[in-house]
$ cat protein04.txt   # compact mmCIF, N, CA and C atoms
# COMPACT_ATOMS: atom_id res chain seq x y z
N MET A 1 -124.74 -28.74 -97.03
CA MET A 1 -123.68 -27.75 -96.99
C MET A 1 -123.49 -27.21 -95.58
N ILE A 2 -124.60 -26.93 -94.87
CA ILE A 2 -124.48 -26.42 -93.51
C ILE A 2 -123.75 -27.42 -92.62
N LEU A 3 -124.20 -28.66 -92.66
CA LEU A 3 -123.60 -29.66 -91.78
C LEU A 3 -122.19 -30.04 -92.20
N ASP A 4 -121.96 -30.16 -93.48
CA ASP A 4 -120.66 -30.62 -93.94
C ASP A 4 -119.60 -29.53 -93.93
N ASN A 5 -119.98 -28.28 -94.11
CA ASN A 5 -118.99 -27.21 -94.20
C ASN A 5 -118.99 -26.27 -93.00
N VAL A 6 -120.13 -25.65 -92.73
CA VAL A 6 -120.18 -24.64 -91.67
C VAL A 6 -119.95 -25.27 -90.30
N VAL A 7 -120.69 -26.31 -89.98
CA VAL A 7 -120.59 -26.93 -88.66
C VAL A 7 -119.22 -27.54 -88.46
N SER A 8 -118.73 -28.29 -89.44
CA SER A 8 -117.42 -28.92 -89.25
C SER A 8 -116.31 -27.88 -89.16
N ALA A 9 -116.41 -26.78 -89.91
CA ALA A 9 -115.40 -25.73 -89.82
C ALA A 9 -115.43 -25.09 -88.44
N TYR A 10 -116.62 -24.86 -87.91
CA TYR A 10 -116.73 -24.27 -86.58
C TYR A 10 -116.16 -25.21 -85.52
N GLN A 11 -116.45 -26.49 -85.66
CA GLN A 11 -115.95 -27.45 -84.68
C GLN A 11 -114.43 -27.48 -84.65
N GLU A 12 -113.81 -27.22 -85.77
CA GLU A 12 -112.35 -27.23 -85.84
C GLU A 12 -111.74 -25.90 -85.43
N ALA A 13 -112.50 -24.83 -85.39
CA ALA A 13 -111.98 -23.49 -85.07
C ALA A 13 -112.06 -23.24 -83.57
N LYS A 14 -111.07 -23.67 -82.85
CA LYS A 14 -111.07 -23.61 -81.39
C LYS A 14 -111.17 -22.19 -80.84
N GLU A 15 -110.66 -21.19 -81.59
CA GLU A 15 -110.67 -19.82 -81.08
C GLU A 15 -112.07 -19.24 -80.96
N TYR A 16 -113.07 -19.85 -81.61
CA TYR A 16 -114.43 -19.35 -81.53
C TYR A 16 -115.29 -20.06 -80.49
N LYS A 17 -114.77 -21.11 -79.90
CA LYS A 17 -115.58 -21.90 -78.97
C LYS A 17 -115.62 -21.24 -77.60
N MET A 18 -116.72 -21.48 -76.89
CA MET A 18 -116.85 -21.00 -75.53
C MET A 18 -115.90 -21.80 -74.63
N PRO A 19 -115.24 -21.14 -73.67
CA PRO A 19 -114.35 -21.87 -72.76
C PRO A 19 -115.14 -22.85 -71.89
N ASP A 20 -114.51 -23.94 -71.50
CA ASP A 20 -115.15 -24.94 -70.64
C ASP A 20 -115.64 -24.34 -69.34
N THR A 21 -114.97 -23.28 -68.86
CA THR A 21 -115.41 -22.66 -67.61
C THR A 21 -116.78 -22.00 -67.75
N VAL A 22 -117.13 -21.60 -68.95
CA VAL A 22 -118.43 -20.98 -69.22
C VAL A 22 -119.49 -22.04 -69.49
N THR A 23 -119.14 -23.06 -70.24
CA THR A 23 -120.11 -24.07 -70.66
C THR A 23 -120.23 -25.23 -69.68
N GLY A 24 -119.44 -25.22 -68.60
CA GLY A 24 -119.49 -26.33 -67.65
C GLY A 24 -118.97 -27.63 -68.26
N GLY A 25 -118.05 -27.51 -69.20
CA GLY A 25 -117.47 -28.68 -69.82
C GLY A 25 -118.28 -29.24 -70.97
N LYS A 26 -119.44 -28.66 -71.25
CA LYS A 26 -120.28 -29.13 -72.36
C LYS A 26 -119.86 -28.44 -73.66
N ALA A 27 -120.23 -29.05 -74.76
CA ALA A 27 -119.97 -28.45 -76.06
C ALA A 27 -120.88 -27.24 -76.26
N ASP A 28 -120.49 -26.39 -77.20
CA ASP A 28 -121.36 -25.26 -77.55
C ASP A 28 -122.70 -25.79 -78.04
N ILE A 29 -123.75 -25.00 -77.86
CA ILE A 29 -125.07 -25.37 -78.36
C ILE A 29 -125.29 -24.65 -79.68
N TRP A 30 -125.71 -25.39 -80.66
CA TRP A 30 -125.89 -24.87 -82.00
C TRP A 30 -127.32 -24.43 -82.22
N ILE A 31 -127.49 -23.33 -82.92
CA ILE A 31 -128.81 -22.87 -83.35
C ILE A 31 -128.73 -22.68 -84.87
N ILE A 32 -129.57 -23.38 -85.60
CA ILE A 32 -129.63 -23.25 -87.05
C ILE A 32 -131.09 -22.97 -87.41
N GLY A 33 -131.34 -21.87 -88.09
CA GLY A 33 -132.72 -21.54 -88.42
C GLY A 33 -132.83 -20.81 -89.73
N GLY A 34 -134.02 -20.83 -90.28
CA GLY A 34 -134.28 -20.07 -91.49
C GLY A 34 -135.25 -20.77 -92.41
N ASP A 35 -135.36 -20.22 -93.60
CA ASP A 35 -136.21 -20.79 -94.65
C ASP A 35 -135.36 -21.82 -95.39
N PHE A 36 -135.63 -23.09 -95.13
CA PHE A 36 -134.84 -24.16 -95.72
C PHE A 36 -135.38 -24.58 -97.10
N ASN A 37 -136.55 -24.06 -97.49
CA ASN A 37 -137.18 -24.49 -98.74
C ASN A 37 -137.28 -26.00 -98.81
N ALA A 38 -137.51 -26.61 -97.68
CA ALA A 38 -137.66 -28.06 -97.60
C ALA A 38 -138.73 -28.37 -96.57
N THR A 39 -139.61 -29.30 -96.90
CA THR A 39 -140.66 -29.70 -95.96
C THR A 39 -140.06 -30.55 -94.85
N TYR A 40 -140.84 -30.73 -93.79
CA TYR A 40 -140.33 -31.41 -92.60
C TYR A 40 -139.90 -32.85 -92.89
N ASP A 41 -140.51 -33.49 -93.89
CA ASP A 41 -140.15 -34.87 -94.20
C ASP A 41 -139.12 -34.97 -95.34
N ALA A 42 -138.55 -33.86 -95.76
CA ALA A 42 -137.55 -33.86 -96.82
C ALA A 42 -136.25 -34.50 -96.35
N GLU A 43 -135.52 -35.03 -97.28
CA GLU A 43 -134.26 -35.72 -96.97
C GLU A 43 -133.28 -34.80 -96.24
N GLU A 44 -133.21 -33.53 -96.65
CA GLU A 44 -132.27 -32.59 -96.01
C GLU A 44 -132.62 -32.35 -94.55
N ILE A 45 -133.91 -32.18 -94.28
CA ILE A 45 -134.34 -31.94 -92.90
C ILE A 45 -134.16 -33.20 -92.07
N GLU A 46 -134.45 -34.35 -92.65
CA GLU A 46 -134.23 -35.62 -91.95
C GLU A 46 -132.75 -35.78 -91.60
N HIS A 47 -131.87 -35.36 -92.50
CA HIS A 47 -130.42 -35.44 -92.24
C HIS A 47 -130.03 -34.55 -91.06
N ILE A 48 -130.60 -33.37 -90.98
CA ILE A 48 -130.32 -32.46 -89.86
C ILE A 48 -130.75 -33.11 -88.54
N ARG A 49 -131.95 -33.69 -88.52
CA ARG A 49 -132.42 -34.36 -87.31
C ARG A 49 -131.56 -35.58 -86.98
N HIS A 50 -131.15 -36.32 -87.99
CA HIS A 50 -130.32 -37.51 -87.79
C HIS A 50 -128.96 -37.13 -87.18
N MET A 51 -128.48 -35.94 -87.49
CA MET A 51 -127.20 -35.47 -86.94
C MET A 51 -127.33 -35.04 -85.49
N GLY A 52 -128.55 -35.09 -84.92
CA GLY A 52 -128.73 -34.78 -83.51
C GLY A 52 -129.36 -33.44 -83.22
N PHE A 53 -129.75 -32.70 -84.25
CA PHE A 53 -130.41 -31.42 -84.01
C PHE A 53 -131.87 -31.65 -83.66
N VAL A 54 -132.39 -30.81 -82.78
CA VAL A 54 -133.74 -30.93 -82.26
C VAL A 54 -134.58 -29.78 -82.80
N ASP A 55 -135.81 -30.06 -83.20
CA ASP A 55 -136.72 -29.02 -83.67
C ASP A 55 -137.13 -28.16 -82.48
N ALA A 56 -136.75 -26.89 -82.50
CA ALA A 56 -137.02 -26.00 -81.38
C ALA A 56 -138.44 -25.45 -81.40
N VAL A 57 -139.16 -25.60 -82.49
CA VAL A 57 -140.56 -25.17 -82.59
C VAL A 57 -141.35 -26.34 -83.19
N PRO A 58 -141.62 -27.37 -82.38
CA PRO A 58 -142.25 -28.56 -82.94
C PRO A 58 -143.69 -28.36 -83.39
N ASP A 59 -144.39 -27.41 -82.81
CA ASP A 59 -145.79 -27.18 -83.18
C ASP A 59 -145.83 -26.09 -84.24
N LYS A 60 -146.23 -26.44 -85.44
CA LYS A 60 -146.24 -25.49 -86.56
C LYS A 60 -147.65 -25.04 -86.92
N GLN A 61 -148.58 -25.10 -85.97
CA GLN A 61 -149.94 -24.63 -86.24
C GLN A 61 -149.93 -23.11 -86.30
N ILE A 62 -150.49 -22.56 -87.37
CA ILE A 62 -150.48 -21.11 -87.56
C ILE A 62 -151.56 -20.46 -86.70
N HIS A 63 -151.15 -19.45 -85.96
CA HIS A 63 -152.08 -18.61 -85.21
C HIS A 63 -152.02 -17.25 -85.89
N ASP A 64 -152.90 -17.06 -86.84
CA ASP A 64 -152.88 -15.86 -87.66
C ASP A 64 -153.23 -14.64 -86.81
N ALA A 65 -152.63 -13.50 -87.16
CA ALA A 65 -152.97 -12.24 -86.49
C ALA A 65 -154.44 -11.92 -86.67
N ASP A 66 -155.01 -12.40 -87.76
CA ASP A 66 -156.44 -12.25 -88.03
C ASP A 66 -157.10 -13.62 -87.83
N PRO A 67 -157.82 -13.83 -86.72
CA PRO A 67 -158.41 -15.15 -86.47
C PRO A 67 -159.44 -15.58 -87.50
N ASP A 68 -159.94 -14.65 -88.32
CA ASP A 68 -160.87 -15.00 -89.39
C ASP A 68 -160.15 -15.36 -90.69
N SER A 69 -158.85 -15.31 -90.69
CA SER A 69 -158.06 -15.63 -91.87
C SER A 69 -158.25 -17.09 -92.25
N PRO A 70 -158.25 -17.38 -93.54
CA PRO A 70 -158.34 -18.79 -93.96
C PRO A 70 -157.11 -19.61 -93.56
N TYR A 71 -156.03 -18.94 -93.16
CA TYR A 71 -154.82 -19.66 -92.76
C TYR A 71 -154.79 -19.97 -91.27
N HIS A 72 -155.66 -19.35 -90.51
CA HIS A 72 -155.67 -19.57 -89.06
C HIS A 72 -155.91 -21.05 -88.77
N ASP A 73 -155.10 -21.62 -87.91
CA ASP A 73 -155.17 -23.02 -87.48
C ASP A 73 -154.71 -24.02 -88.54
N GLN A 74 -154.16 -23.58 -89.65
CA GLN A 74 -153.50 -24.51 -90.56
C GLN A 74 -152.13 -24.85 -89.99
N VAL A 75 -151.56 -25.94 -90.44
CA VAL A 75 -150.21 -26.30 -90.04
C VAL A 75 -149.27 -25.90 -91.16
N GLY A 76 -148.27 -25.11 -90.83
CA GLY A 76 -147.31 -24.68 -91.83
C GLY A 76 -146.60 -23.42 -91.42
N THR A 77 -145.61 -23.01 -92.20
CA THR A 77 -144.90 -21.76 -91.95
C THR A 77 -144.90 -20.87 -93.19
N LYS A 78 -145.40 -21.37 -94.30
CA LYS A 78 -145.47 -20.59 -95.53
C LYS A 78 -146.79 -20.89 -96.23
N TRP A 79 -147.36 -19.87 -96.85
CA TRP A 79 -148.63 -20.02 -97.55
C TRP A 79 -148.61 -19.06 -98.73
N SER A 80 -149.61 -19.14 -99.56
CA SER A 80 -149.72 -18.25 -100.71
C SER A 80 -150.35 -16.93 -100.29
N LEU A 81 -149.74 -15.84 -100.70
CA LEU A 81 -150.33 -14.53 -100.41
C LEU A 81 -151.55 -14.27 -101.29
N TYR A 82 -151.68 -15.02 -102.39
CA TYR A 82 -152.69 -14.69 -103.38
C TYR A 82 -153.78 -15.74 -103.54
N ASN A 83 -153.58 -16.93 -102.94
CA ASN A 83 -154.54 -18.00 -103.12
C ASN A 83 -154.79 -18.70 -101.79
N ALA A 84 -155.84 -18.30 -101.12
CA ALA A 84 -156.14 -18.85 -99.78
C ALA A 84 -156.49 -20.32 -99.82
N SER A 85 -156.81 -20.86 -100.98
CA SER A 85 -157.13 -22.29 -101.05
C SER A 85 -155.88 -23.16 -101.11
N THR A 86 -154.71 -22.55 -101.30
CA THR A 86 -153.46 -23.30 -101.29
C THR A 86 -153.08 -23.60 -99.85
N PRO A 87 -152.93 -24.87 -99.47
CA PRO A 87 -152.61 -25.18 -98.07
C PRO A 87 -151.22 -24.70 -97.69
N ALA A 88 -151.08 -24.36 -96.43
CA ALA A 88 -149.78 -23.95 -95.91
C ALA A 88 -148.84 -25.15 -95.87
N VAL A 89 -147.54 -24.91 -95.95
CA VAL A 89 -146.53 -25.96 -95.84
C VAL A 89 -145.47 -25.51 -94.85
N VAL A 90 -144.76 -26.47 -94.27
CA VAL A 90 -143.68 -26.18 -93.33
C VAL A 90 -142.37 -26.10 -94.12
N LEU A 91 -141.80 -24.91 -94.23
CA LEU A 91 -140.52 -24.71 -94.90
C LEU A 91 -139.50 -24.05 -93.98
N ASP A 92 -139.97 -23.39 -92.93
CA ASP A 92 -139.09 -22.65 -92.04
C ASP A 92 -138.86 -23.48 -90.77
N HIS A 93 -137.63 -23.46 -90.30
CA HIS A 93 -137.29 -24.30 -89.16
C HIS A 93 -136.29 -23.58 -88.26
N ILE A 94 -136.35 -23.91 -86.97
CA ILE A 94 -135.30 -23.54 -86.02
C ILE A 94 -134.89 -24.85 -85.35
N PHE A 95 -133.62 -25.20 -85.49
CA PHE A 95 -133.08 -26.42 -84.87
C PHE A 95 -132.04 -26.03 -83.84
N CYS A 96 -131.94 -26.81 -82.80
CA CYS A 96 -130.88 -26.62 -81.82
C CYS A 96 -130.23 -27.96 -81.56
N GLY A 97 -129.02 -27.93 -81.09
CA GLY A 97 -128.30 -29.18 -80.85
C GLY A 97 -126.87 -28.85 -80.49
N LEU A 98 -126.06 -29.75 -80.51
CA LEU A 98 -126.25 -31.14 -80.90
C LEU A 98 -126.71 -31.96 -79.70
N GLU A 99 -127.74 -32.73 -79.88
CA GLU A 99 -128.40 -33.43 -78.80
C GLU A 99 -127.45 -34.34 -78.04
N HIS A 100 -126.63 -35.08 -78.75
CA HIS A 100 -125.79 -36.08 -78.09
C HIS A 100 -124.56 -35.50 -77.40
N SER A 101 -124.22 -34.23 -77.65
CA SER A 101 -123.03 -33.68 -77.02
C SER A 101 -123.25 -32.37 -76.29
N SER A 102 -124.36 -31.68 -76.56
CA SER A 102 -124.54 -30.34 -76.03
C SER A 102 -125.41 -30.27 -74.78
N PHE A 103 -126.38 -31.15 -74.68
CA PHE A 103 -127.40 -30.97 -73.68
C PHE A 103 -127.07 -31.69 -72.39
N PRO A 104 -127.47 -31.11 -71.24
CA PRO A 104 -127.28 -31.81 -69.98
C PRO A 104 -128.20 -33.04 -69.92
N ALA A 105 -128.07 -33.79 -68.86
CA ALA A 105 -128.79 -35.07 -68.74
C ALA A 105 -130.28 -34.92 -68.93
N GLY A 106 -130.88 -33.82 -68.46
CA GLY A 106 -132.31 -33.63 -68.56
C GLY A 106 -132.78 -33.21 -69.94
N GLY A 107 -131.84 -32.88 -70.84
CA GLY A 107 -132.21 -32.48 -72.18
C GLY A 107 -132.64 -31.03 -72.27
N ILE A 108 -133.60 -30.76 -73.14
CA ILE A 108 -134.06 -29.39 -73.36
C ILE A 108 -135.57 -29.33 -73.24
N ASP A 109 -136.04 -28.12 -73.00
CA ASP A 109 -137.48 -27.86 -72.96
C ASP A 109 -137.76 -26.76 -73.97
N VAL A 110 -138.56 -27.08 -74.98
CA VAL A 110 -138.93 -26.08 -75.99
C VAL A 110 -140.42 -25.77 -75.93
N SER A 111 -141.05 -26.12 -74.82
CA SER A 111 -142.51 -25.94 -74.72
C SER A 111 -142.93 -24.48 -74.73
N ALA A 112 -142.02 -23.57 -74.43
CA ALA A 112 -142.37 -22.14 -74.44
C ALA A 112 -142.12 -21.49 -75.79
N SER A 113 -141.71 -22.27 -76.79
CA SER A 113 -141.51 -21.70 -78.12
C SER A 113 -142.85 -21.21 -78.67
N ARG A 114 -142.80 -20.10 -79.37
CA ARG A 114 -144.02 -19.53 -79.95
C ARG A 114 -144.36 -20.24 -81.23
N ARG A 115 -145.61 -20.54 -81.40
CA ARG A 115 -146.08 -21.15 -82.64
C ARG A 115 -146.03 -20.10 -83.74
N PRO A 116 -146.01 -20.56 -84.98
CA PRO A 116 -145.99 -19.59 -86.08
C PRO A 116 -147.23 -18.70 -86.07
N TYR A 117 -147.05 -17.46 -86.40
CA TYR A 117 -148.21 -16.61 -86.63
C TYR A 117 -147.88 -15.66 -87.76
N ARG A 118 -148.91 -15.23 -88.43
CA ARG A 118 -148.74 -14.33 -89.57
C ARG A 118 -149.02 -12.92 -89.10
N PRO A 119 -148.02 -12.07 -89.13
CA PRO A 119 -148.26 -10.69 -88.70
C PRO A 119 -149.10 -9.94 -89.72
N HIS A 120 -149.76 -8.92 -89.26
CA HIS A 120 -150.57 -8.07 -90.13
C HIS A 120 -149.73 -6.87 -90.54
N PHE A 121 -149.68 -6.59 -91.82
CA PHE A 121 -148.93 -5.45 -92.33
C PHE A 121 -149.90 -4.50 -93.00
N ASP A 122 -149.89 -3.25 -92.57
CA ASP A 122 -150.74 -2.25 -93.21
C ASP A 122 -150.23 -1.89 -94.61
N ARG A 123 -148.93 -2.00 -94.79
CA ARG A 123 -148.34 -1.68 -96.08
C ARG A 123 -148.01 -2.98 -96.81
N THR A 124 -148.58 -3.17 -97.99
CA THR A 124 -148.43 -4.44 -98.71
C THR A 124 -146.98 -4.75 -99.10
N GLU A 125 -146.15 -3.74 -99.23
CA GLU A 125 -144.76 -4.01 -99.60
C GLU A 125 -143.99 -4.74 -98.48
N PHE A 126 -144.55 -4.73 -97.27
CA PHE A 126 -143.92 -5.44 -96.17
C PHE A 126 -144.57 -6.80 -95.91
N ALA A 127 -145.57 -7.16 -96.69
CA ALA A 127 -146.26 -8.43 -96.49
C ALA A 127 -145.31 -9.59 -96.73
N SER A 128 -145.50 -10.64 -95.97
CA SER A 128 -144.67 -11.83 -96.12
C SER A 128 -145.56 -13.06 -96.21
N ASP A 129 -145.09 -14.05 -96.94
CA ASP A 129 -145.82 -15.30 -97.03
C ASP A 129 -145.22 -16.35 -96.08
N HIS A 130 -144.42 -15.91 -95.13
CA HIS A 130 -143.84 -16.81 -94.14
C HIS A 130 -144.31 -16.41 -92.74
N ALA A 131 -144.56 -17.42 -91.93
CA ALA A 131 -144.94 -17.18 -90.54
C ALA A 131 -143.69 -16.83 -89.74
N VAL A 132 -143.90 -16.21 -88.59
CA VAL A 132 -142.81 -15.85 -87.71
C VAL A 132 -142.66 -16.95 -86.67
N LEU A 133 -141.42 -17.42 -86.47
CA LEU A 133 -141.14 -18.45 -85.48
C LEU A 133 -140.31 -17.86 -84.36
N TYR A 134 -140.65 -18.20 -83.12
CA TYR A 134 -139.85 -17.84 -81.95
C TYR A 134 -139.52 -19.11 -81.20
N ALA A 135 -138.26 -19.30 -80.86
CA ALA A 135 -137.87 -20.48 -80.10
C ALA A 135 -137.32 -20.07 -78.75
N LYS A 136 -137.81 -20.70 -77.71
CA LYS A 136 -137.26 -20.52 -76.37
C LYS A 136 -136.70 -21.88 -75.97
N ILE A 137 -135.40 -21.94 -75.82
CA ILE A 137 -134.71 -23.20 -75.56
C ILE A 137 -134.16 -23.15 -74.14
N ARG A 138 -134.70 -24.00 -73.28
CA ARG A 138 -134.28 -24.02 -71.88
C ARG A 138 -133.60 -25.35 -71.59
N LEU A 139 -132.36 -25.28 -71.14
CA LEU A 139 -131.63 -26.49 -70.77
C LEU A 139 -132.10 -26.98 -69.42
N GLN A 140 -132.27 -28.27 -69.30
CA GLN A 140 -132.72 -28.87 -68.04
C GLN A 140 -131.58 -29.66 -67.42
N ALA A 141 -131.34 -29.43 -66.17
CA ALA A 141 -130.26 -30.15 -65.48
C ALA A 141 -130.62 -31.58 -65.23

$ encode --input "protein04.txt" --output "structure tokens"
Amino acid sequence: MILDNVVSAYQEAKEYKMPDTVTGGKADIWIIGGDFNATYDAEEIEHIRHMGFVDAVPDKQIHDADPDSPYHDQVGTKWSLYNASTPAVVLDHIFCGLEHSSFPAGGIDVSASRRPYRPHFDRTEFASDHAVLYAKIRLQA
């Protein structure tokens, strides 16, 4: 739905695009992120990558706020709040692109993106079973 409806509608809506004088003649750069409820090898995620989107946070190793946590150093972005023996899974993603039309010749550098970490909440009503992702996307000339 994102690729077939939202992206194509945006591509056709010229009034929302950045002027060529701002982008240096390149296309706008897309950022798509959130809880996709799909693992990294799922068909939907593979389709997003096939369309030219790049994973802006390729390393999904959890750095828990509590280094003694059973989730520390697991790979994933979501885990069970109630069962520490349940392994973490990657469901949250930040993608940027489109690789074939948006990026300069040198591509992008996402090495400064923050790995997922689980924040500590003193109040249980604010607890989350999803890690926090930060993406730093630097265009390379």

$ atom_distance --input "protein04.txt" --atom1 "atom C of Asp55 of chain A" --atom2 "atom C of Lys78 of chain A"
18.3 Å

$ select_by_dssp --input "protein04.txt" --residues "segment 17-95 of chain A" --states "strand (DSSP E or B)" --output "PyMOL selection string"
chain A and resi 30-35+54-55+61+75+78+89+92-95

$ closest_residue --input "protein04.txt" --among "A:Tyr117, A:Ile94, A:Lys136, A:Ala112" --to "Gly34 of chain A" --atoms "all atoms listed in the file"
A:Ile94

$ closest_residue --input "protein04.txt" --among "A:Asp122, A:Met51, A:Ser128, A:Val89" --to "Ala38 of chain A" --atoms "only N, CA and C atoms"
A:Val89

$ atom_distance --input "protein04.txt" --atom1 "atom CA of Lys60 of chain A" --atom2 "atom CA of Gln74 of chain A"
8.3 Å

$ atom_distance --input "protein04.txt" --atom1 "atom CA of Val90 of chain A" --atom2 "atom CA of Asp73 of chain A"
13.3 Å

$ closest_residue --input "protein04.txt" --among "A:Ala42, A:Val75, A:Val132, A:Leu139" --to "Arg115 of chain A" --atoms "all atoms listed in the file"
A:Val132

$ closest_residue --input "protein04.txt" --among "A:His130, A:Gly52, A:Ala135, A:Thr21" --to "Ala88 of chain A" --atoms "only C-alpha atoms"
A:His130

$ residues_around --input "protein04.txt" --residues "Ser111 of chain A" --least-positions-apart "6" --cutoff "10 Å" --atoms "only C-alpha atoms" --output "ChimeraX atom specification"
/A:56-59,135-138

$ residues_around --input "protein04.txt" --residues "segment 65-67 of chain A" --least-positions-apart "2" --cutoff "12 Å" --atoms "only C-alpha atoms" --output "PDB file with N, CA and C atoms, keeping the file's coordinate frame"
ATOM      1  N   ILE A  62    -150.490 -22.560 -87.370  1.00  0.00           N
ATOM      2  CA  ILE A  62    -150.480 -21.110 -87.560  1.00  0.00           C
ATOM      3  C   ILE A  62    -151.560 -20.460 -86.700  1.00  0.00           C
ATOM      4  N   HIS A  63    -151.150 -19.450 -85.960  1.00  0.00           N
ATOM      5  CA  HIS A  63    -152.080 -18.610 -85.210  1.00  0.00           C
ATOM      6  C   HIS A  63    -152.020 -17.250 -85.890  1.00  0.00           C
ATOM      7  N   SER A  69    -158.850 -15.310 -90.690  1.00  0.00           N
ATOM      8  CA  SER A  69    -158.060 -15.630 -91.870  1.00  0.00           C
ATOM      9  C   SER A  69    -158.250 -17.090 -92.250  1.00  0.00           C
ATOM     10  N   PRO A  70    -158.250 -17.380 -93.540  1.00  0.00           N
ATOM     11  CA  PRO A  70    -158.340 -18.790 -93.960  1.00  0.00           C
ATOM     12  C   PRO A  70    -157.110 -19.610 -93.560  1.00  0.00           C
ATOM     13  N   TYR A  71    -156.030 -18.940 -93.160  1.00  0.00           N
ATOM     14  CA  TYR A  71    -154.820 -19.660 -92.760  1.00  0.00           C
ATOM     15  C   TYR A  71    -154.790 -19.970 -91.270  1.00  0.00           C
ATOM     16  N   HIS A  72    -155.660 -19.350 -90.510  1.00  0.00           N
ATOM     17  CA  HIS A  72    -155.670 -19.570 -89.060  1.00  0.00           C
ATOM     18  C   HIS A  72    -155.910 -21.050 -88.770  1.00  0.00           C
ATOM     19  N   ASP A  73    -155.100 -21.620 -87.910  1.00  0.00           N
ATOM     20  CA  ASP A  73    -155.170 -23.020 -87.480  1.00  0.00           C
ATOM     21  C   ASP A  73    -154.710 -24.020 -88.540  1.00  0.00           C
ATOM     22  N   GLN A  74    -154.160 -23.580 -89.650  1.00  0.00           N
ATOM     23  CA  GLN A  74    -153.500 -24.510 -90.560  1.00  0.00           C
ATOM     24  C   GLN A  74    -152.130 -24.850 -89.990  1.00  0.00           C
ATOM     25  N   ARG A 115    -145.610 -20.540 -81.400  1.00  0.00           N
ATOM     26  CA  ARG A 115    -146.080 -21.150 -82.640  1.00  0.00           C
ATOM     27  C   ARG A 115    -146.030 -20.100 -83.740  1.00  0.00           C
ATOM     28  N   PRO A 116    -146.010 -20.560 -84.980  1.00  0.00           N
ATOM     29  CA  PRO A 116    -145.990 -19.590 -86.080  1.00  0.00           C
ATOM     30  C   PRO A 116    -147.230 -18.700 -86.070  1.00  0.00           C
ATOM     31  N   TYR A 117    -147.050 -17.460 -86.400  1.00  0.00           N
ATOM     32  CA  TYR A 117    -148.210 -16.610 -86.630  1.00  0.00           C
ATOM     33  C   TYR A 117    -147.880 -15.660 -87.760  1.00  0.00           C
ATOM     34  N   ARG A 118    -148.910 -15.230 -88.430  1.00  0.00           N
ATOM     35  CA  ARG A 118    -148.740 -14.330 -89.570  1.00  0.00           C
ATOM     36  C   ARG A 118    -149.020 -12.920 -89.100  1.00  0.00           C
ATOM     37  N   PRO A 119    -148.020 -12.070 -89.130  1.00  0.00           N
ATOM     38  CA  PRO A 119    -148.260 -10.690 -88.700  1.00  0.00           C
ATOM     39  C   PRO A 119    -149.100  -9.940 -89.720  1.00  0.00           C
ATOM     40  N   HIS A 120    -149.760  -8.920 -89.260  1.00  0.00           N
ATOM     41  CA  HIS A 120    -150.570  -8.070 -90.130  1.00  0.00           C
ATOM     42  C   HIS A 120    -149.730  -6.870 -90.540  1.00  0.00           C
ATOM     43  N   PHE A 121    -149.680  -6.590 -91.820  1.00  0.00           N
ATOM     44  CA  PHE A 121    -148.930  -5.450 -92.330  1.00  0.00           C
ATOM     45  C   PHE A 121    -149.900  -4.500 -93.000  1.00  0.00           C
ATOM     46  N   ALA A 131    -144.560 -17.420 -91.930  1.00  0.00           N
ATOM     47  CA  ALA A 131    -144.940 -17.180 -90.540  1.00  0.00           C
ATOM     48  C   ALA A 131    -143.690 -16.830 -89.740  1.00  0.00           C
ATOM     49  N   VAL A 132    -143.900 -16.210 -88.590  1.00  0.00           N
ATOM     50  CA  VAL A 132    -142.810 -15.850 -87.710  1.00  0.00           C
ATOM     51  C   VAL A 132    -142.660 -16.950 -86.670  1.00  0.00           C
TER      52      VAL A 132
END

$ decode --input "protein04.txt" --residues "segment 75-97 of chain A" --atoms "C-alpha atoms" --output "short mmCIF file (atom, residue, chain, number, x, y, z; two decimals), in the first residue's frame"
data_model
loop_
_atom_site.label_atom_id
_atom_site.label_comp_id
_atom_site.auth_asym_id
_atom_site.auth_seq_id
_atom_site.Cartn_x
_atom_site.Cartn_y
_atom_site.Cartn_z
CA VAL A 75 19.26 -8.83 17.48
CA GLY A 76 15.82 -7.34 17.04
CA THR A 77 13.59 -4.33 17.56
CA LYS A 78 10.71 -5.96 19.45
CA TRP A 79 10.62 -8.41 22.34
CA SER A 80 8.19 -9.70 24.93
CA LEU A 81 7.67 -7.50 27.96
CA TYR A 82 6.62 -10.55 29.97
CA ASN A 83 8.77 -13.44 28.77
CA ALA A 84 12.52 -12.86 28.61
CA SER A 85 13.05 -16.28 27.03
CA THR A 86 11.20 -15.15 23.89
CA PRO A 87 13.84 -14.02 21.37
CA ALA A 88 13.68 -10.52 19.97
CA VAL A 89 12.59 -10.07 16.34
CA VAL A 90 13.13 -7.26 13.81
CA LEU A 91 9.77 -5.62 13.05
CA ASP A 92 10.68 -1.92 13.06
CA HIS A 93 12.48 -0.36 10.13
CA ILE A 94 13.69 2.97 8.77
CA PHE A 95 14.25 2.98 5.01
CA CYS A 96 15.56 5.77 2.83
CA GLY A 97 15.70 6.06 -0.92
#
